[in-house]
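Asks: run-v5.csv (CSV, C-alpha atoms) pasted underneath:
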```csv
chain,number,residue,atom,x,y,z
A,1,MET,CA,0.0,0.0,0.0
A,2,ARG,CA,1.2,3.5,-0.8
A,3,GLU,CA,-0.1,7.0,-0.4
A,4,VAL,CA,-0.2,8.5,-3.8
A,5,ALA,CA,-1.5,11.9,-2.6
A,6,THR,CA,-2.4,13.3,0.8
A,7,GLY,CA,-5.1,11.0,2.1
A,8,VAL,CA,-5.3,8.9,-1.1
A,9,TRP,CA,-4.1,5.3,-0.8
A,10,HIS,CA,-3.5,2.7,-3.5
A,11,TRP,CA,-2.9,-1.1,-3.2
A,12,HIS,CA,-3.3,-4.0,-5.5
A,13,ALA,CA,-4.1,-7.7,-5.1
A,14,PRO,CA,-4.7,-10.8,-7.2
A,15,HIS,CA,-8.3,-11.1,-8.2
A,16,PRO,CA,-9.8,-14.4,-6.9
A,17,ASP,CA,-11.8,-15.1,-10.0
A,18,TRP,CA,-9.0,-14.4,-12.5
A,19,THR,CA,-8.0,-17.0,-15.1
A,20,PRO,CA,-5.3,-16.9,-17.8
A,21,ASP,CA,-8.1,-16.4,-20.4
A,22,GLU,CA,-9.0,-13.0,-19.0
A,23,ARG,CA,-8.2,-9.9,-21.0
A,24,TRP,CA,-6.9,-8.1,-17.9
A,25,PRO,CA,-3.9,-8.8,-15.6
A,26,GLU,CA,-4.5,-10.9,-12.5
A,27,ARG,CA,-3.6,-8.1,-10.1
A,28,VAL,CA,-6.2,-5.3,-9.8
A,29,SER,CA,-6.1,-2.0,-8.0
A,30,SER,CA,-8.2,-0.6,-5.1
A,31,TYR,CA,-8.1,2.8,-3.5
A,32,ALA,CA,-9.1,4.6,-0.3
A,33,ILE,CA,-9.6,8.3,0.3
A,34,ASP,CA,-9.5,9.5,3.9
A,35,ASP,CA,-11.3,12.9,4.2
A,36,GLY,CA,-11.0,13.1,8.0
A,37,ALA,CA,-14.6,12.0,8.6
A,38,ARG,CA,-15.1,9.2,6.1
A,39,LEU,CA,-12.9,6.5,4.7
A,40,LEU,CA,-14.1,5.9,1.2
A,41,LEU,CA,-13.1,2.5,-0.2
A,42,PHE,CA,-13.2,2.3,-4.0
A,43,ASP,CA,-13.6,-1.2,-5.7
A,44,PRO,CA,-12.0,-2.8,-2.6
A,45,LEU,CA,-10.2,-6.1,-2.6
A,46,SER,CA,-8.0,-7.3,0.2
A,47,VAL,CA,-8.1,-4.1,2.2
A,48,PRO,CA,-4.8,-3.6,4.1
A,49,ASP,CA,-5.0,-4.0,7.9
A,50,GLU,CA,-3.8,-0.4,8.4
A,51,LEU,CA,-6.9,0.9,6.5
A,52,LEU,CA,-9.2,-1.4,8.4
A,53,GLU,CA,-7.8,0.0,11.6
A,54,LEU,CA,-8.4,3.5,10.3
A,55,ALA,CA,-11.9,2.6,9.4
A,56,ALA,CA,-12.7,2.2,13.1
A,57,ASP,CA,-12.1,6.0,13.6
A,58,ARG,CA,-13.9,7.0,10.4
A,59,GLU,CA,-17.3,6.4,8.8
A,60,PRO,CA,-16.4,3.7,6.2
A,61,VAL,CA,-18.2,3.8,2.8
A,62,VAL,CA,-17.7,1.4,-0.1
A,63,VAL,CA,-18.1,2.9,-3.6
A,64,LEU,CA,-18.1,0.7,-6.6
A,65,THR,CA,-17.5,2.1,-10.1
A,66,ALA,CA,-19.3,-0.8,-11.7
A,67,PRO,CA,-21.6,-3.5,-10.2
A,68,TRP,CA,-19.2,-6.3,-11.4
A,69,HIS,CA,-16.5,-4.8,-9.1
A,70,GLU,CA,-18.1,-6.3,-6.0
A,71,ARG,CA,-14.8,-7.9,-5.0
A,72,ASP,CA,-14.7,-8.0,-1.1
A,73,THR,CA,-17.8,-5.8,-0.7
A,74,ARG,CA,-19.9,-8.4,1.0
A,75,SER,CA,-17.3,-9.1,3.7
A,76,LEU,CA,-16.8,-5.4,4.3
A,77,VAL,CA,-20.5,-4.8,4.8
A,78,GLU,CA,-20.6,-7.7,7.3
A,79,SER,CA,-17.5,-6.5,9.2
A,80,LEU,CA,-17.8,-2.7,9.0
A,81,ASP,CA,-21.6,-2.3,8.5
A,82,THR,CA,-20.8,0.1,5.7
A,83,PRO,CA,-23.2,1.4,3.0
A,84,VAL,CA,-22.4,0.6,-0.6
A,85,PHE,CA,-22.8,3.0,-3.5
A,86,VAL,CA,-23.1,1.2,-6.8
A,87,PRO,CA,-24.4,1.8,-10.3
A,88,PRO,CA,-27.3,-0.5,-11.3
A,89,PRO,CA,-26.6,-4.1,-12.4
A,90,ASP,CA,-27.4,-5.0,-15.9
A,91,THR,CA,-31.0,-5.9,-16.6
A,92,ALA,CA,-31.9,-8.7,-19.0
A,93,ASP,CA,-32.3,-6.1,-21.8
A,94,ASP,CA,-28.9,-4.7,-21.0
A,95,LEU,CA,-27.3,-8.1,-21.4
A,96,VAL,CA,-29.0,-8.7,-24.7
A,97,ARG,CA,-27.8,-5.3,-26.0
A,98,LYS,CA,-24.3,-5.6,-24.7
A,99,PHE,CA,-23.4,-9.2,-25.5
A,100,GLY,CA,-25.8,-10.0,-28.3
A,101,ILE,CA,-27.4,-12.9,-26.4
A,102,THR,CA,-31.0,-14.0,-26.4
A,103,HIS,CA,-33.5,-13.0,-23.7
A,104,GLU,CA,-33.7,-16.6,-22.7
A,105,GLN,CA,-29.9,-16.6,-22.1
A,106,ALA,CA,-30.1,-13.3,-20.2
A,107,GLY,CA,-32.6,-14.7,-17.8
A,108,GLY,CA,-33.4,-12.3,-15.0
A,109,GLY,CA,-30.4,-10.1,-15.7
A,110,SER,CA,-27.0,-9.9,-14.0
A,111,PRO,CA,-26.7,-11.4,-10.5
A,112,ASP,CA,-24.1,-8.7,-9.6
A,113,VAL,CA,-24.7,-7.3,-6.1
A,114,ALA,CA,-28.2,-8.7,-6.0
A,115,TRP,CA,-27.7,-9.5,-2.3
A,116,LEU,CA,-27.4,-5.8,-1.6
A,117,PHE,CA,-31.1,-5.3,-2.5
A,118,THR,CA,-32.7,-8.4,-1.2
A,119,GLY,CA,-33.4,-9.7,2.3
A,120,ASP,CA,-32.4,-7.4,5.2
A,121,SER,CA,-29.2,-6.0,3.9
A,122,GLY,CA,-30.5,-2.4,3.3
A,123,LYS,CA,-27.0,-1.3,2.5
A,124,GLY,CA,-27.3,-0.7,-1.2
A,125,ARG,CA,-27.4,2.8,-2.7
A,126,LEU,CA,-27.9,3.0,-6.4
A,127,TYR,CA,-26.4,5.9,-8.3
A,128,ALA,CA,-26.1,7.0,-12.0
A,129,ALA,CA,-24.2,9.4,-14.1
A,130,GLY,CA,-25.0,13.0,-13.2
A,131,ASP,CA,-25.6,12.2,-9.5
A,132,ARG,CA,-23.6,13.7,-6.6
A,133,LEU,CA,-23.1,11.2,-3.9
A,134,PRO,CA,-23.6,12.4,-0.3
A,135,MET,CA,-19.8,12.3,0.4
A,136,GLY,CA,-19.2,14.8,-2.3
A,137,ILE,CA,-18.3,12.5,-5.1
A,138,GLU,CA,-19.5,13.4,-8.6
A,139,ALA,CA,-20.6,10.5,-10.9
A,140,LEU,CA,-19.8,11.1,-14.5
A,141,ALA,CA,-20.5,9.3,-17.8
A,142,GLY,CA,-18.1,6.5,-18.6
A,143,ARG,CA,-17.7,3.6,-21.0
A,144,GLU,CA,-21.2,2.2,-20.2
A,145,HIS,CA,-24.3,3.4,-18.3
A,146,ASN,CA,-23.1,1.4,-15.3
A,147,ASP,CA,-19.3,1.7,-15.7
A,148,LEU,CA,-18.9,5.2,-14.5
A,149,VAL,CA,-16.1,7.7,-13.8
A,150,LEU,CA,-16.0,9.3,-10.4
A,151,TRP,CA,-14.6,12.7,-9.5
A,152,ALA,CA,-13.4,13.4,-5.9
A,153,ASP,CA,-12.8,17.1,-6.1
A,154,ARG,CA,-11.3,17.5,-2.6
A,155,ALA,CA,-8.6,15.0,-3.5
A,156,ALA,CA,-8.4,16.2,-7.1
A,157,ALA,CA,-8.7,12.5,-8.0
A,158,LEU,CA,-10.5,10.8,-10.9
A,159,ILE,CA,-11.6,7.2,-10.4
A,160,PRO,CA,-12.5,5.8,-13.9
A,161,GLY,CA,-13.5,2.2,-13.1
A,162,ASP,CA,-13.0,0.1,-16.3
A,163,THR,CA,-13.4,3.1,-18.6
A,164,LEU,CA,-9.7,4.0,-18.4
A,165,VAL,CA,-7.3,1.2,-17.8
A,166,ASP,CA,-3.6,0.4,-17.9
A,167,PHE,CA,-3.0,-3.2,-19.1
A,168,GLY,CA,0.7,-2.6,-19.3
A,169,HIS,CA,0.8,0.0,-22.1
A,170,GLY,CA,-0.1,3.1,-20.2
A,171,LEU,CA,-3.4,4.7,-19.4
A,172,GLN,CA,-5.9,4.3,-22.2
A,173,ILE,CA,-9.6,4.0,-23.0
A,174,ASN,CA,-10.7,0.4,-22.5
A,175,ASP,CA,-11.0,-1.1,-26.0
A,176,TRP,CA,-13.5,-3.7,-24.8
A,177,LEU,CA,-16.6,-1.8,-26.0
A,178,ARG,CA,-20.0,-3.5,-25.9
A,179,GLY,CA,-23.5,-2.9,-27.3
A,180,GLY,CA,-22.3,-1.1,-30.5
A,181,VAL,CA,-20.6,1.7,-28.5
A,182,THR,CA,-17.7,3.2,-30.5
A,183,ARG,CA,-14.4,4.5,-29.2
A,184,GLN,CA,-15.2,7.9,-30.5
A,185,GLN,CA,-18.5,8.0,-28.5
A,186,VAL,CA,-16.5,7.2,-25.4
A,187,VAL,CA,-14.0,9.9,-26.2
A,188,GLU,CA,-16.8,12.5,-26.5
A,189,ARG,CA,-18.2,11.4,-23.2
A,190,LEU,CA,-14.9,11.8,-21.5
A,191,ARG,CA,-13.7,15.0,-23.0
A,192,PRO,CA,-15.3,17.1,-20.2
A,193,LEU,CA,-12.9,15.5,-17.8
A,194,LEU,CA,-10.2,17.6,-19.3
A,195,ALA,CA,-11.9,20.7,-17.8
A,196,LEU,CA,-11.5,19.3,-14.3
A,197,PRO,CA,-8.4,20.1,-12.2
A,198,VAL,CA,-7.3,16.4,-12.1
A,199,GLU,CA,-4.1,15.7,-10.4
A,200,VAL,CA,-4.2,11.9,-10.0
A,201,VAL,CA,-6.1,9.2,-12.0
A,202,LEU,CA,-7.0,6.0,-10.1
A,203,PRO,CA,-7.9,3.1,-12.5
A,204,ALA,CA,-9.2,-0.2,-11.3
A,205,HIS,CA,-6.7,-1.9,-13.6
A,206,GLY,CA,-3.2,-0.6,-13.5
A,207,ALA,CA,-1.3,1.9,-11.4
A,208,PRO,CA,-2.2,5.5,-10.5
A,209,ALA,CA,-1.5,8.0,-13.3
A,210,ASP,CA,-1.2,11.8,-13.6
A,211,ARG,CA,-3.0,14.4,-15.5
A,212,ALA,CA,-0.6,14.2,-18.4
A,213,ALA,CA,-1.5,10.5,-18.8
A,214,LEU,CA,-5.2,11.4,-18.9
A,215,VAL,CA,-4.6,14.0,-21.6
A,216,ARG,CA,-2.7,11.4,-23.7
A,217,ALA,CA,-5.4,8.8,-23.2
A,218,LEU,CA,-8.1,11.1,-24.6
A,219,SER,CA,-5.9,12.2,-27.4
A,220,LEU,CA,-5.0,8.8,-28.9
```
As structure tokens - that is how I would like this structure written.

Replies:
Amino acid sequence: MREVATGVWHWHAPHPDWTPDERWPERVSSYAIDDGARLLLFDPLSVPDELLELAADREPVVVLTAPWHERDTRSLVESLDTPVFVPPPDTADDLVRKFGITHEQAGGGSPDVAWLFTGDSGKGRLYAAGDRLPMGIEALAGREHNDLVLWADRAAALIPGDTLVDFGHGLQINDWLRGGVTRQQVVERLRPLLALPVEVVLPAHGAPADRAALVRALSL
């Protein structure tokens, strides 16, 4: 774990569901932002003990950039009693559109984070592009309607989920585009990011990057 900016922490860990057939590297990144009152955990996996200890003195909050980034969310809800902010999981229609499958194959839609909204959990908080989360995080359009880019203005940090990734060749727009979405469409959605005073970019795949890397990613 390392502090990449004041109160902004990065660590990476091997994803338990990874196989050699995946398009992305085995080790994935997670982040935490400590604002003095809350400890925000972004796409968390294998949270370091130091941060779990800090969480005891803060209000912990889990924020997922995409519903399929559940990772260790369930165990954190159980141990920290934390709320979870997450974009909506894919419906059956979403799966048909994104992957070209049949409605029969899509069934009832994606099972991602379904447990958050069933039973007695009560910890799920859905959000969408254009929303401002209670802890001051702005949700912005990303690669898909539920793969969003988050802006933490107090930390000058951009958290781009799977929209911007580094698979070993520098920060770039994820080229795995689904549902007929084109790279140019994604570029147009992301261009407003250049107007933000971004100092650090925190991708879920790859190491933290700087503003110059963001500019290059949106220029390629």

Asks: Near Arg71 in chain A, counting all atoms listed in the file, which residues have an atom at most 10 Å away, once you skip same-chain residues fewer than 4 positions from it, shown as a PyMOL selection string?

Replies: chain A and resi 15-17+30+43-46+64+67+75-76+113

Asks: State, in Å with one decimal place, the distance from CA of Arg154 in chain A to CA of Pro203 in chain A.

Replies: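 Computing it gives 17.8 Å between the two atoms.
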
Asks: Which one is closest to His69 in chain A: A:Ala217, A:Leu148, A:Ala56, A:Val201? Count all atoms listed in the file.

Replies: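 The shortest atom-to-atom distance to His69 in chain A comes from A:Leu148.
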
Asks: Interatomic distance between CA of Trp176 in chain A and CA of Val198 in chain A?

Replies: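 It comes out at 24.6 Å.
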
Asks: Find, counting only C-alpha atoms, the residue in A:Trp24, A:Trp9, A:Trp68, A:Trp151 that gets nearest to Ile137 in chain A.

Replies: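 Under the stated criterion, the closest residue is A:Trp151.
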
Asks: In terms of the shortest atom-to-atom distance over all atoms listed in the file, which of A:Met135, A:Met1, A:Ile173, A:Leu202 is closest to Phe42 in chain A?

Replies: A:Leu202

Asks: May I have the residues at most 12 Å from (-32.6, -5.4, -22.5) in the file's coordinates, counting all atoms listed in the file, as a CSV table (one decimal) with C-alpha atoms, in the frame of the given file?

Replies:
```csv
chain,number,residue,atom,x,y,z
A,89,PRO,CA,-26.6,-4.1,-12.4
A,90,ASP,CA,-27.4,-5.0,-15.9
A,91,THR,CA,-31.0,-5.9,-16.6
A,92,ALA,CA,-31.9,-8.7,-19.0
A,93,ASP,CA,-32.3,-6.1,-21.8
A,94,ASP,CA,-28.9,-4.7,-21.0
A,95,LEU,CA,-27.3,-8.1,-21.4
A,96,VAL,CA,-29.0,-8.7,-24.7
A,97,ARG,CA,-27.8,-5.3,-26.0
A,98,LYS,CA,-24.3,-5.6,-24.7
A,99,PHE,CA,-23.4,-9.2,-25.5
A,100,GLY,CA,-25.8,-10.0,-28.3
A,101,ILE,CA,-27.4,-12.9,-26.4
A,102,THR,CA,-31.0,-14.0,-26.4
A,103,HIS,CA,-33.5,-13.0,-23.7
A,104,GLU,CA,-33.7,-16.6,-22.7
A,105,GLN,CA,-29.9,-16.6,-22.1
A,106,ALA,CA,-30.1,-13.3,-20.2
A,107,GLY,CA,-32.6,-14.7,-17.8
A,108,GLY,CA,-33.4,-12.3,-15.0
A,109,GLY,CA,-30.4,-10.1,-15.7
A,110,SER,CA,-27.0,-9.9,-14.0
A,179,GLY,CA,-23.5,-2.9,-27.3
```

Asks: Between A:Ala13, A:Leu193, A:Val149, A:Val77, which is the closest to Arg27 in chain A once you count only C-alpha atoms?

Replies: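 Between A:Ala13, A:Leu193, A:Val149, A:Val77, the residue approaching Arg27 in chain A most closely is A:Ala13.
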
Asks: Quick one: pull the distance between CA of Arg183 in chain A and CA of Leu158 in chain A, Å, one decimal.

Replies: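 Distance reported for this atom pair: 19.7 Å.
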
Asks: Kindly compute an axis-aligned box around the listed atoms of range 27-34 of chain A, allowing 5 Å on each side, and express its centre and edge lengths in Å to one decimal as JSON.

Replies:
```
{"center_x": -6.6, "center_y": 0.7, "center_z": -3.1, "size_x": 16.0, "size_y": 27.6, "size_z": 24.0}
```

Asks: Show me a table, sorted first by chain and then by increasing residue number, of the residues of range 85-108 of chain A having an atom at most 9 Å from range 121-128 of chain A, each with its shortest atom pair and the distance in Å to one decimal, counting only C-alpha atoms and written as CSV.

Replies:
```
residue,atom,partner,partner_atom,distance
A:Phe85,CA,A:Arg125,CA,4.7
A:Val86,CA,A:Leu126,CA,5.1
A:Pro87,CA,A:Tyr127,CA,5.0
A:Pro88,CA,A:Leu126,CA,6.1
```

Asks: Which of these residues is nearest to Val62 in chain A, using all atoms listed in the file: A:Leu171, A:Val187, A:Ala32, A:Ala207?

Replies: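 With all atoms listed in the file as the atom set, the closest residue is A:Ala32.
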
Asks: For a cutoff of 12 Å around the file-coordinate point (-11.4, 1.5, 12.8), which residues qualify once you count only C-alpha atoms? I'd like the result as a PyMOL selection string.

Replies: chain A and resi 37-39+49-60+79-82

Asks: With C-alpha atoms retained, could you export that selection as a JSON list (two decimals), in the frame of the given file?

Replies:
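Done, and the output landed in selection18.json:
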```json
[["chain", "number", "residue", "atom", "x", "y", "z"],
["A", 37, "ALA", "CA", -14.60, 12.00, 8.60],
["A", 38, "ARG", "CA", -15.10, 9.20, 6.10],
["A", 39, "LEU", "CA", -12.90, 6.50, 4.70],
["A", 49, "ASP", "CA", -5.00, -4.00, 7.90],
["A", 50, "GLU", "CA", -3.80, -0.40, 8.40],
["A", 51, "LEU", "CA", -6.90, 0.90, 6.50],
["A", 52, "LEU", "CA", -9.20, -1.40, 8.40],
["A", 53, "GLU", "CA", -7.80, 0.00, 11.60],
["A", 54, "LEU", "CA", -8.40, 3.50, 10.30],
["A", 55, "ALA", "CA", -11.90, 2.60, 9.40],
["A", 56, "ALA", "CA", -12.70, 2.20, 13.10],
["A", 57, "ASP", "CA", -12.10, 6.00, 13.60],
["A", 58, "ARG", "CA", -13.90, 7.00, 10.40],
["A", 59, "GLU", "CA", -17.30, 6.40, 8.80],
["A", 60, "PRO", "CA", -16.40, 3.70, 6.20],
["A", 79, "SER", "CA", -17.50, -6.50, 9.20],
["A", 80, "LEU", "CA", -17.80, -2.70, 9.00],
["A", 81, "ASP", "CA", -21.60, -2.30, 8.50],
["A", 82, "THR", "CA", -20.80, 0.10, 5.70]]
```

Asks: Hey, which of A:Ser219, A:His169, A:Glu188, A:Ser29 ends up closest to Val47 in chain A? Count all atoms listed in the file.

Replies: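 Of all the options, A:Ser29 lies closest to Val47 in chain A.
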
Asks: Counting all atoms listed in the file, what is within 6 Å of Ala139 in chain A, bar same-chain residues fewer than 6 positions away, as a PyMOL selection string?

Replies: chain A and resi 129-131+150

Asks: Need the shell around Gln172 in chain A: protein/DNA/RNA residues with any atom at most 9 Å away, counting only C-alpha atoms. Skip same-chain ones fewer than 6 positions apart. Format as a PDB file with C-alpha atoms, keeping the file's coordinate frame?

Replies:
```pdb
ATOM      1  CA  THR A 163     -13.400   3.100 -18.600  1.00  0.00           C
ATOM      2  CA  LEU A 164      -9.700   4.000 -18.400  1.00  0.00           C
ATOM      3  CA  VAL A 165      -7.300   1.200 -17.800  1.00  0.00           C
ATOM      4  CA  ASP A 166      -3.600   0.400 -17.900  1.00  0.00           C
ATOM      5  CA  ALA A 213      -1.500  10.500 -18.800  1.00  0.00           C
ATOM      6  CA  LEU A 214      -5.200  11.400 -18.900  1.00  0.00           C
ATOM      7  CA  ARG A 216      -2.700  11.400 -23.700  1.00  0.00           C
ATOM      8  CA  ALA A 217      -5.400   8.800 -23.200  1.00  0.00           C
ATOM      9  CA  LEU A 218      -8.100  11.100 -24.600  1.00  0.00           C
ATOM     10  CA  LEU A 220      -5.000   8.800 -28.900  1.00  0.00           C
TER      11      LEU A 220
END
```

Asks: As a CSV table (one decimal), in the coordinates of the input, could you write out range 83-97 of chain A once it has been completed with N, CA and C atoms?

Replies:
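Full text of part-v2.csv as output:
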```
chain,number,residue,atom,x,y,z
A,83,PRO,N,-22.4,1.3,4.2
A,83,PRO,CA,-23.2,1.4,3.0
A,83,PRO,C,-22.4,1.2,1.8
A,84,VAL,N,-23.1,0.8,0.7
A,84,VAL,CA,-22.4,0.6,-0.6
A,84,VAL,C,-23.1,1.4,-1.7
A,85,PHE,N,-22.3,2.2,-2.3
A,85,PHE,CA,-22.8,3.0,-3.5
A,85,PHE,C,-22.4,2.3,-4.7
A,86,VAL,N,-23.4,2.0,-5.6
A,86,VAL,CA,-23.1,1.2,-6.8
A,86,VAL,C,-24.0,1.6,-7.9
A,87,PRO,N,-23.5,1.6,-9.2
A,87,PRO,CA,-24.4,1.8,-10.3
A,87,PRO,C,-25.3,0.5,-10.5
A,88,PRO,N,-26.4,0.6,-11.2
A,88,PRO,CA,-27.3,-0.5,-11.3
A,88,PRO,C,-26.8,-1.6,-12.1
A,89,PRO,N,-27.0,-2.9,-11.6
A,89,PRO,CA,-26.6,-4.1,-12.4
A,89,PRO,C,-27.3,-4.1,-13.7
A,90,ASP,N,-26.7,-4.9,-14.6
A,90,ASP,CA,-27.4,-5.0,-15.9
A,90,ASP,C,-28.7,-5.8,-15.8
A,91,THR,N,-29.7,-5.2,-16.5
A,91,THR,CA,-31.0,-5.9,-16.6
A,91,THR,C,-30.8,-6.9,-17.8
A,92,ALA,N,-31.9,-7.8,-17.9
A,92,ALA,CA,-31.9,-8.7,-19.0
A,92,ALA,C,-31.7,-8.0,-20.4
A,93,ASP,N,-32.4,-6.9,-20.5
A,93,ASP,CA,-32.3,-6.1,-21.8
A,93,ASP,C,-30.9,-5.6,-22.0
A,94,ASP,N,-30.3,-5.1,-20.9
A,94,ASP,CA,-28.9,-4.7,-21.0
A,94,ASP,C,-28.0,-5.8,-21.5
A,95,LEU,N,-28.1,-7.0,-21.0
A,95,LEU,CA,-27.3,-8.1,-21.4
A,95,LEU,C,-27.5,-8.5,-22.8
A,96,VAL,N,-28.7,-8.4,-23.3
A,96,VAL,CA,-29.0,-8.7,-24.7
A,96,VAL,C,-28.3,-7.7,-25.6
A,97,ARG,N,-28.4,-6.4,-25.2
A,97,ARG,CA,-27.8,-5.3,-26.0
A,97,ARG,C,-26.3,-5.4,-26.0
```
